[in-house]
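This is structure27.pdb (PDB, C-alpha atoms and all ligand atoms).
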ATOM      1  CA  MET D   1      41.032  71.609 -57.310  1.00  0.00           C
ATOM      2  CA  LYS D   2      39.635  71.456 -53.783  1.00  0.00           C
ATOM      3  CA  ARG D   3      36.999  68.715 -53.434  1.00  0.00           C
ATOM      4  CA  HIS D   4      33.382  69.873 -53.340  1.00  0.00           C
ATOM      5  CA  GLU D   5      31.656  69.180 -50.031  1.00  0.00           C
ATOM      6  CA  ALA D   6      29.224  66.819 -51.810  1.00  0.00           C
ATOM      7  CA  ILE D   7      32.079  64.650 -53.086  1.00  0.00           C
ATOM      8  CA  ILE D   8      34.356  64.572 -50.010  1.00  0.00           C
ATOM      9  CA  PRO D   9      32.817  61.337 -48.604  1.00  0.00           C
ATOM     10  CA  LEU D  10      33.615  59.540 -51.883  1.00  0.00           C
ATOM     11  CA  SER D  11      37.215  60.776 -51.765  1.00  0.00           C
ATOM     12  CA  HIS D  12      37.399  59.483 -48.205  1.00  0.00           C
ATOM     13  CA  ASP D  13      36.284  56.047 -49.513  1.00  0.00           C
ATOM     14  CA  HIS D  14      38.927  56.296 -52.241  1.00  0.00           C
ATOM     15  CA  HIS D  15      41.647  56.626 -49.642  1.00  0.00           C
ATOM     16  CA  GLN D  16      40.492  53.300 -48.158  1.00  0.00           C
ATOM     17  CA  ALA D  17      40.094  51.693 -51.581  1.00  0.00           C
ATOM     18  CA  LEU D  18      43.665  52.588 -52.516  1.00  0.00           C
ATOM     19  CA  ARG D  19      44.989  51.012 -49.332  1.00  0.00           C
ATOM     20  CA  PHE D  20      43.071  47.847 -50.206  1.00  0.00           C
ATOM     21  CA  ALA D  21      44.188  47.868 -53.857  1.00  0.00           C
ATOM     22  CA  THR D  22      47.840  48.394 -52.975  1.00  0.00           C
ATOM     23  CA  ALA D  23      47.808  45.415 -50.593  1.00  0.00           C
ATOM     24  CA  MET D  24      46.252  43.069 -53.176  1.00  0.00           C
ATOM     25  CA  LYS D  25      48.918  43.625 -55.839  1.00  0.00           C
ATOM     26  CA  LYS D  26      51.735  41.131 -56.371  1.00  0.00           C
ATOM     27  CA  ASN D  27      54.451  43.776 -56.067  1.00  0.00           C
ATOM     28  CA  ALA D  28      52.917  45.288 -52.917  1.00  0.00           C
ATOM     29  CA  SER D  29      55.289  46.748 -50.350  1.00  0.00           C
ATOM     30  CA  PRO D  30      55.337  44.482 -47.293  1.00  0.00           C
ATOM     31  CA  THR D  31      52.654  46.035 -45.095  1.00  0.00           C
ATOM     32  CA  LYS D  32      50.738  43.919 -42.586  1.00  0.00           C
ATOM     33  CA  ARG D  33      47.794  43.811 -44.984  1.00  0.00           C
ATOM     34  CA  ALA D  34      49.905  42.860 -47.995  1.00  0.00           C
ATOM     35  CA  LEU D  35      51.612  40.105 -46.026  1.00  0.00           C
ATOM     36  CA  GLN D  36      48.359  38.252 -45.345  1.00  0.00           C
ATOM     37  CA  SER D  37      48.154  34.711 -46.718  1.00  0.00           C
ATOM     38  CA  LEU D  38      46.263  34.253 -49.988  1.00  0.00           C
ATOM     39  CA  GLU D  39      43.375  32.813 -48.015  1.00  0.00           C
ATOM     40  CA  GLU D  40      43.303  35.887 -45.772  1.00  0.00           C
ATOM     41  CA  LYS D  41      43.542  38.187 -48.793  1.00  0.00           C
ATOM     42  CA  LEU D  42      40.594  36.405 -50.373  1.00  0.00           C
ATOM     43  CA  ALA D  43      38.534  36.981 -47.209  1.00  0.00           C
ATOM     44  CA  ASP D  44      39.756  40.610 -47.084  1.00  0.00           C
ATOM     45  CA  ALA D  45      38.765  41.136 -50.731  1.00  0.00           C
ATOM     46  CA  LYS D  46      35.309  39.618 -50.256  1.00  0.00           C
ATOM     47  CA  ARG D  47      34.720  41.698 -47.113  1.00  0.00           C
ATOM     48  CA  THR D  48      36.001  44.916 -48.700  1.00  0.00           C
ATOM     49  CA  TYR D  49      33.867  44.340 -51.767  1.00  0.00           C
ATOM     50  CA  GLU D  50      30.629  43.792 -49.820  1.00  0.00           C
ATOM     51  CA  ILE D  51      31.152  46.371 -47.086  1.00  0.00           C
ATOM     52  CA  GLU D  52      32.960  49.120 -48.964  1.00  0.00           C
ATOM     53  CA  LEU D  53      32.885  48.854 -52.741  1.00  0.00           C
ATOM     54  CA  VAL D  54      29.294  47.753 -53.350  1.00  0.00           C
ATOM     55  CA  PRO D  55      27.837  50.697 -51.364  1.00  0.00           C
ATOM     56  CA  HIS D  56      30.463  53.086 -52.766  1.00  0.00           C
ATOM     57  CA  PHE D  57      29.581  52.212 -56.368  1.00  0.00           C
ATOM     58  CA  ALA D  58      25.881  52.614 -55.493  1.00  0.00           C
ATOM     59  CA  HIS D  59      26.516  56.092 -54.028  1.00  0.00           C
ATOM     60  CA  GLU D  60      28.279  57.082 -57.224  1.00  0.00           C
ATOM     61  CA  GLU D  61      25.803  55.512 -59.647  1.00  0.00           C
ATOM     62  CA  GLU D  62      22.611  56.427 -57.814  1.00  0.00           C
ATOM     63  CA  VAL D  63      23.395  59.785 -56.211  1.00  0.00           C
ATOM     64  CA  LEU D  64      26.342  61.612 -57.789  1.00  0.00           C
ATOM     65  CA  PHE D  65      26.305  60.513 -61.434  1.00  0.00           C
ATOM     66  CA  PRO D  66      22.591  61.283 -62.070  1.00  0.00           C
ATOM     67  CA  VAL D  67      23.059  64.932 -61.024  1.00  0.00           C
ATOM     68  CA  ALA D  68      26.190  65.190 -63.174  1.00  0.00           C
ATOM     69  CA  ARG D  69      24.499  64.090 -66.411  1.00  0.00           C
ATOM     70  CA  GLY D  70      23.502  66.388 -69.238  1.00  0.00           C
ATOM     71  CA  TYR D  71      25.974  69.249 -68.878  1.00  0.00           C
ATOM     72  CA  SER D  72      28.712  68.115 -71.233  1.00  0.00           C
ATOM     73  CA  ALA D  73      29.041  65.383 -73.847  1.00  0.00           C
ATOM     74  CA  GLU D  74      32.587  64.792 -72.633  1.00  0.00           C
ATOM     75  CA  LEU D  75      31.477  64.296 -69.032  1.00  0.00           C
ATOM     76  CA  ASP D  76      28.557  62.060 -70.076  1.00  0.00           C
ATOM     77  CA  LYS D  77      31.034  59.846 -71.948  1.00  0.00           C
ATOM     78  CA  MET D  78      33.359  59.748 -68.933  1.00  0.00           C
ATOM     79  CA  LEU D  79      30.418  58.638 -66.764  1.00  0.00           C
ATOM     80  CA  ASP D  80      29.573  55.856 -69.227  1.00  0.00           C
ATOM     81  CA  ASP D  81      33.191  54.666 -69.173  1.00  0.00           C
ATOM     82  CA  ILE D  82      33.338  54.759 -65.375  1.00  0.00           C
ATOM     83  CA  ILE D  83      30.111  52.738 -65.082  1.00  0.00           C
ATOM     84  CA  GLU D  84      31.593  50.193 -67.482  1.00  0.00           C
ATOM     85  CA  GLU D  85      34.646  49.980 -65.188  1.00  0.00           C
ATOM     86  CA  HIS D  86      32.322  49.329 -62.239  1.00  0.00           C
ATOM     87  CA  ARG D  87      30.850  46.439 -64.228  1.00  0.00           C
ATOM     88  CA  ILE D  88      34.305  45.019 -64.945  1.00  0.00           C
ATOM     89  CA  ILE D  89      35.365  45.358 -61.299  1.00  0.00           C
ATOM     90  CA  ARG D  90      32.127  43.751 -60.049  1.00  0.00           C
ATOM     91  CA  GLU D  91      32.703  40.872 -62.472  1.00  0.00           C
ATOM     92  CA  ALA D  92      36.306  40.450 -61.259  1.00  0.00           C
ATOM     93  CA  PHE D  93      35.097  40.154 -57.641  1.00  0.00           C
ATOM     94  CA  GLU D  94      32.248  37.801 -58.570  1.00  0.00           C
ATOM     95  CA  ASN D  95      34.764  35.506 -60.330  1.00  0.00           C
ATOM     96  CA  ILE D  96      37.570  35.899 -57.804  1.00  0.00           C
ATOM     97  CA  GLU D  97      37.812  32.175 -57.131  1.00  0.00           C
ATOM     98  CA  GLU D  98      37.943  31.147 -60.801  1.00  0.00           C
ATOM     99  CA  GLY D  99      41.489  30.268 -61.885  1.00  0.00           C
ATOM    100  CA  ASN D 100      44.641  31.580 -60.185  1.00  0.00           C
ATOM    101  CA  LEU D 101      43.818  33.444 -56.970  1.00  0.00           C
ATOM    102  CA  GLU D 102      47.097  35.377 -56.768  1.00  0.00           C
ATOM    103  CA  ASP D 103      46.623  36.637 -60.350  1.00  0.00           C
ATOM    104  CA  ASN D 104      42.989  37.510 -59.682  1.00  0.00           C
ATOM    105  CA  LEU D 105      43.868  39.515 -56.557  1.00  0.00           C
ATOM    106  CA  ASP D 106      46.641  41.296 -58.457  1.00  0.00           C
ATOM    107  CA  ARG D 107      44.244  42.155 -61.278  1.00  0.00           C
ATOM    108  CA  ILE D 108      41.642  43.431 -58.812  1.00  0.00           C
ATOM    109  CA  GLY D 109      44.274  45.565 -57.086  1.00  0.00           C
ATOM    110  CA  ASN D 110      45.322  47.092 -60.390  1.00  0.00           C
ATOM    111  CA  LEU D 111      41.741  47.623 -61.602  1.00  0.00           C
ATOM    112  CA  VAL D 112      40.624  49.300 -58.387  1.00  0.00           C
ATOM    113  CA  GLU D 113      43.734  51.475 -58.190  1.00  0.00           C
ATOM    114  CA  LYS D 114      43.405  52.667 -61.787  1.00  0.00           C
ATOM    115  CA  HIS D 115      39.680  53.268 -61.389  1.00  0.00           C
ATOM    116  CA  VAL D 116      40.078  55.351 -58.230  1.00  0.00           C
ATOM    117  CA  ARG D 117      42.871  57.419 -59.768  1.00  0.00           C
ATOM    118  CA  THR D 118      40.762  58.101 -62.880  1.00  0.00           C
ATOM    119  CA  GLU D 119      37.886  59.290 -60.709  1.00  0.00           C
ATOM    120  CA  GLU D 120      40.071  61.495 -58.528  1.00  0.00           C
ATOM    121  CA  ARG D 121      42.243  62.944 -61.288  1.00  0.00           C
ATOM    122  CA  SER D 122      39.759  63.239 -64.158  1.00  0.00           C
ATOM    123  CA  LEU D 123      36.120  62.509 -63.389  1.00  0.00           C
ATOM    124  CA  PHE D 124      35.672  64.463 -60.146  1.00  0.00           C
ATOM    125  CA  GLU D 125      37.677  67.374 -61.546  1.00  0.00           C
ATOM    126  CA  LYS D 126      35.436  67.448 -64.613  1.00  0.00           C
ATOM    127  CA  ILE D 127      32.266  67.175 -62.515  1.00  0.00           C
ATOM    128  CA  GLN D 128      33.321  70.145 -60.394  1.00  0.00           C
ATOM    129  CA  GLU D 129      34.216  72.085 -63.530  1.00  0.00           C
ATOM    130  CA  VAL D 130      30.951  71.607 -65.461  1.00  0.00           C
ATOM    131  CA  VAL D 131      28.181  70.794 -62.963  1.00  0.00           C
ATOM    132  CA  PRO D 132      26.671  73.916 -61.357  1.00  0.00           C
ATOM    133  CA  ASP D 133      27.522  74.358 -57.704  1.00  0.00           C
ATOM    134  CA  GLU D 134      23.801  74.497 -56.748  1.00  0.00           C
ATOM    135  CA  LYS D 135      23.290  71.039 -58.278  1.00  0.00           C
ATOM    136  CA  LEU D 136      26.154  69.565 -56.274  1.00  0.00           C
ATOM    137  CA  LYS D 137      24.863  71.289 -53.128  1.00  0.00           C
ATOM    138  CA  GLU D 138      21.578  69.360 -53.585  1.00  0.00           C
ATOM    139  CA  ILE D 139      23.327  66.096 -52.756  1.00  0.00           C
ATOM    140  CA  VAL D 140      25.355  67.313 -49.768  1.00  0.00           C
ATOM    141  CA  GLY D 141      24.588  64.941 -46.899  1.00  0.00           C
ATOM    142  CA  LYS D 142      23.122  62.256 -49.167  1.00  0.00           C
ATOM    143  CA  ILE D 143      26.389  60.325 -49.306  1.00  0.00           C
ATOM    144  CA  SER D 144      28.255  59.207 -46.216  1.00  0.00           C
ATOM    145  CA  PRO D 145      31.646  57.496 -46.190  1.00  0.00           C
ATOM    146  CA  VAL D 146      31.316  53.700 -46.165  1.00  0.00           C
ATOM    147  CA  LYS D 147      33.779  53.483 -43.260  1.00  0.00           C
ATOM    148  CA  ASP D 148      34.405  55.922 -40.439  1.00  0.00           C
ATOM    149  CA  SER D 149      37.912  55.034 -39.405  1.00  0.00           C
ATOM    150  CA  CYS D 150      41.057  55.149 -41.485  1.00  0.00           C
ATOM    151  CA  ASP D 151      42.591  51.842 -40.399  1.00  0.00           C
ATOM    152  CA  ILE D 152      41.981  48.491 -42.053  1.00  0.00           C
TER     153      ILE D 152
HETATM  154 FE    FE X   1      33.736  54.382 -59.127  1.00  0.00          FE
HETATM  155 FE    FE X   2      34.813  55.877 -56.569  1.00  0.00          FE
END
Representation of the structure as structure tokens:
Amino acid sequence: MKRHEAIIPLSHDHHQALRFATAMKKNASPTKRALQSLEEKLADAKRTYEIELVPHFAHEEEVLFPVARGYSAELDKMLDDIIEEHRIIREAFENIEEGNLEDNLDRIGNLVEKHVRTEERSLFEKIQEVVPDEKLKEIVGKISPVKDSCDI
């Protein structure tokens, strides 16, 4: 399904988030970002979290999800699950320096990747299917992408 205009900025963020997630995983293909030292990856993860993920989660939780509530029990449940995933991801970033850093970065990469894919493949599809177009039009322009460029 073609992305609704209101949701396109979030999909743009997802493209960036997937690039980040891929580079944090242990089995990452050897891109420049994936080949950073663990110390550099830690700094990258902290920066990406603060600059990209914190505002992105806020856009979803404060702008998109409230207008998507109340149309379908199935969608409401999906929103609850997604918000719980945000909590788990936030916790993983907050505790990134506890224990083994390489494992923590790998876990974060996997969590973020899975989360983004669930939103793109299931949640956003469902939102566009059950939320009236006029409701989604109300939030057009209220969300901007967290980054303008497509490089790291
Ligand atoms: Fe999300
Ligand atoms: Fe998202």
For Glu138 of chain D, which residue out of D:Val63, D:Leu101, D:Leu10, D:Ile51 is the nearest one, using only C-alpha atoms?
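Selected residue with least distance to Glu138 of chain D: D:Val63.
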Option closest in space to ligand FE 1 (chain X), from D:Gln128, D:Thr118, D:Asn110, D:Asn100 [counting only C-alpha atoms and all ligand atoms]:
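For ligand FE 1 (chain X), the nearest of the given residues is D:Thr118.
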Going by the chain IDs and residue numbers used in this file, which residues fall under the PyMOL selection byres (((not hetatm)) within 12 of (chain X and resi 1))? Write them as an MDAnalysis selection string.
chainID D and resid 10:11 13:14 17 52:62 64:65 78:90 111:120 122:124
Closest to ligand FE 2 (chain X) among D:Met24, D:Val146, D:Ile108, D:Ala92, using only C-alpha atoms and all ligand atoms?
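For ligand FE 2 (chain X), the nearest of the given residues is D:Val146.
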My list of candidates is D:Ile7, D:Met1, D:Glu98, D:Ile139. Which is closest to ligand FE 2 (chain X) when distances are computed with all atoms listed in the file?
D:Ile7
What would the selection look like, as an NGL selection string, if the PyMOL selection byres (((chain D and resi 132) around 12) and not hetatm) were run on the coordinates I just shared?
:D and (4 or 67-72 or 126-131 or 133-138)
Please write as a PDB file with C-alpha atoms, in the frame of the given file the full residue list that the PyMOL selection byres (((chain D and resi 41) around 12) and not hetatm) yields on this file.
ATOM      1  CA  PHE D  20      43.071  47.847 -50.206  1.00  0.00           C
ATOM      2  CA  ALA D  21      44.188  47.868 -53.857  1.00  0.00           C
ATOM      3  CA  THR D  22      47.840  48.394 -52.975  1.00  0.00           C
ATOM      4  CA  ALA D  23      47.808  45.415 -50.593  1.00  0.00           C
ATOM      5  CA  MET D  24      46.252  43.069 -53.176  1.00  0.00           C
ATOM      6  CA  LYS D  25      48.918  43.625 -55.839  1.00  0.00           C
ATOM      7  CA  LYS D  26      51.735  41.131 -56.371  1.00  0.00           C
ATOM      8  CA  LYS D  32      50.738  43.919 -42.586  1.00  0.00           C
ATOM      9  CA  ARG D  33      47.794  43.811 -44.984  1.00  0.00           C
ATOM     10  CA  ALA D  34      49.905  42.860 -47.995  1.00  0.00           C
ATOM     11  CA  LEU D  35      51.612  40.105 -46.026  1.00  0.00           C
ATOM     12  CA  GLN D  36      48.359  38.252 -45.345  1.00  0.00           C
ATOM     13  CA  SER D  37      48.154  34.711 -46.718  1.00  0.00           C
ATOM     14  CA  LEU D  38      46.263  34.253 -49.988  1.00  0.00           C
ATOM     15  CA  GLU D  39      43.375  32.813 -48.015  1.00  0.00           C
ATOM     16  CA  GLU D  40      43.303  35.887 -45.772  1.00  0.00           C
ATOM     17  CA  LEU D  42      40.594  36.405 -50.373  1.00  0.00           C
ATOM     18  CA  ALA D  43      38.534  36.981 -47.209  1.00  0.00           C
ATOM     19  CA  ASP D  44      39.756  40.610 -47.084  1.00  0.00           C
ATOM     20  CA  ALA D  45      38.765  41.136 -50.731  1.00  0.00           C
ATOM     21  CA  LYS D  46      35.309  39.618 -50.256  1.00  0.00           C
ATOM     22  CA  ARG D  47      34.720  41.698 -47.113  1.00  0.00           C
ATOM     23  CA  THR D  48      36.001  44.916 -48.700  1.00  0.00           C
ATOM     24  CA  TYR D  49      33.867  44.340 -51.767  1.00  0.00           C
ATOM     25  CA  ILE D  96      37.570  35.899 -57.804  1.00  0.00           C
ATOM     26  CA  GLU D  97      37.812  32.175 -57.131  1.00  0.00           C
ATOM     27  CA  LEU D 101      43.818  33.444 -56.970  1.00  0.00           C
ATOM     28  CA  GLU D 102      47.097  35.377 -56.768  1.00  0.00           C
ATOM     29  CA  ASN D 104      42.989  37.510 -59.682  1.00  0.00           C
ATOM     30  CA  LEU D 105      43.868  39.515 -56.557  1.00  0.00           C
ATOM     31  CA  ASP D 106      46.641  41.296 -58.457  1.00  0.00           C
ATOM     32  CA  ILE D 108      41.642  43.431 -58.812  1.00  0.00           C
ATOM     33  CA  GLY D 109      44.274  45.565 -57.086  1.00  0.00           C
TER      34      GLY D 109
END
Pick from D:Glu125, D:His12, D:Lys142, D:Pro30, whichever lies nearest to ligand FE 2 (chain X) using all atoms listed in the file
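Nearest to ligand FE 2 (chain X): D:His12.
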May I ask which of the residues D:Arg121, D:Asp148, D:Lys2, D:Pro66 is the closest one to ligand FE 2 (chain X), counting all atoms listed in the file?
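Residue with the minimum atom-to-atom distance to ligand FE 2 (chain X): D:Arg121.
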Could you tell me how far atom CA of Asp76 of chain D sits from atom CA of Phe93 of chain D, in Å to one decimal place?
26.0 Å
Distance of atom CA of Leu18 of chain D from atom CA of Glu91 of chain D, expressed in Å to one decimal place:
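Straight-line distance from atom CA of Glu91 of chain D to atom CA of Leu18 of chain D works out to 18.9 Å.
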For atom CA of Glu5 of chain D and atom CA of Val140 of chain D, determine how far apart the two atoms are, in Å to one decimal place.
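Straight-line distance from atom CA of Glu5 of chain D to atom CA of Val140 of chain D works out to 6.6 Å.
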Report as JSON the centre and the edge lengths, in Å to one decimal, of the axis-aligned box holding every listed atom of segment 22-33 of chain D, padded by 6 Å on each side.
{"center_x": 50.8, "center_y": 44.8, "center_z": -49.5, "size_x": 21.1, "size_y": 19.3, "size_z": 25.8}
Missing atoms in segment 121-140 of chain D should be modelled up to N, CA and C atoms and reported as an mmCIF file, keeping the file's coordinate frame.
data_model
loop_
_atom_site.group_PDB
_atom_site.id
_atom_site.type_symbol
_atom_site.label_atom_id
_atom_site.label_comp_id
_atom_site.auth_asym_id
_atom_site.auth_seq_id
_atom_site.Cartn_x
_atom_site.Cartn_y
_atom_site.Cartn_z
ATOM 1 N N ARG D 121 41.469 62.016 -60.441
ATOM 2 C CA ARG D 121 42.243 62.944 -61.288
ATOM 3 C C ARG D 121 41.451 63.524 -62.448
ATOM 4 N N SER D 122 40.488 62.755 -62.989
ATOM 5 C CA SER D 122 39.759 63.239 -64.158
ATOM 6 C C SER D 122 38.281 63.457 -63.905
ATOM 7 N N LEU D 123 37.585 62.407 -63.470
ATOM 8 C CA LEU D 123 36.120 62.509 -63.389
ATOM 9 C C LEU D 123 35.647 63.569 -62.387
ATOM 10 N N PHE D 124 36.154 63.514 -61.160
ATOM 11 C CA PHE D 124 35.672 64.463 -60.146
ATOM 12 C C PHE D 124 36.073 65.892 -60.518
ATOM 13 N N GLU D 125 37.248 66.040 -61.093
ATOM 14 C CA GLU D 125 37.677 67.374 -61.546
ATOM 15 C C GLU D 125 36.698 67.905 -62.585
ATOM 16 N N LYS D 126 36.351 67.045 -63.544
ATOM 17 C CA LYS D 126 35.436 67.448 -64.613
ATOM 18 C C LYS D 126 34.054 67.769 -64.038
ATOM 19 N N ILE D 127 33.580 66.929 -63.127
ATOM 20 C CA ILE D 127 32.266 67.175 -62.515
ATOM 21 C C ILE D 127 32.250 68.555 -61.856
ATOM 22 N N GLN D 128 33.290 68.859 -61.092
ATOM 23 C CA GLN D 128 33.321 70.145 -60.394
ATOM 24 C C GLN D 128 33.460 71.323 -61.360
ATOM 25 N N GLU D 129 34.025 71.025 -62.525
ATOM 26 C CA GLU D 129 34.216 72.085 -63.530
ATOM 27 C C GLU D 129 32.900 72.390 -64.265
ATOM 28 N N VAL D 130 32.117 71.357 -64.597
ATOM 29 C CA VAL D 130 30.951 71.607 -65.461
ATOM 30 C C VAL D 130 29.576 71.541 -64.777
ATOM 31 N N VAL D 131 29.496 70.883 -63.624
ATOM 32 C CA VAL D 131 28.181 70.794 -62.963
ATOM 33 C C VAL D 131 28.010 72.015 -62.062
ATOM 34 N N PRO D 132 26.865 72.715 -62.185
ATOM 35 C CA PRO D 132 26.671 73.916 -61.357
ATOM 36 C C PRO D 132 26.749 73.607 -59.864
ATOM 37 N N ASP D 133 27.337 74.515 -59.139
ATOM 38 C CA ASP D 133 27.522 74.358 -57.704
ATOM 39 C C ASP D 133 26.192 74.056 -56.987
ATOM 40 N N GLU D 134 25.102 74.724 -57.414
ATOM 41 C CA GLU D 134 23.801 74.497 -56.748
ATOM 42 C C GLU D 134 23.357 73.047 -56.909
ATOM 43 N N LYS D 135 23.674 72.442 -58.059
ATOM 44 C CA LYS D 135 23.290 71.039 -58.278
ATOM 45 C C LYS D 135 24.058 70.129 -57.320
ATOM 46 N N LEU D 136 25.356 70.398 -57.180
ATOM 47 C CA LEU D 136 26.154 69.565 -56.274
ATOM 48 C C LEU D 136 25.710 69.780 -54.826
ATOM 49 N N LYS D 137 25.329 71.012 -54.509
ATOM 50 C CA LYS D 137 24.863 71.289 -53.128
ATOM 51 C C LYS D 137 23.621 70.467 -52.798
ATOM 52 N N GLU D 138 22.800 70.150 -53.818
ATOM 53 C CA GLU D 138 21.578 69.360 -53.585
ATOM 54 C C GLU D 138 21.865 67.986 -52.994
ATOM 55 N N ILE D 139 23.051 67.457 -53.261
ATOM 56 C CA ILE D 139 23.327 66.096 -52.756
ATOM 57 C C ILE D 139 24.235 66.085 -51.513
ATOM 58 N N VAL D 140 24.555 67.277 -51.002
ATOM 59 C CA VAL D 140 25.355 67.313 -49.768
ATOM 60 C C VAL D 140 24.577 66.593 -48.668
#
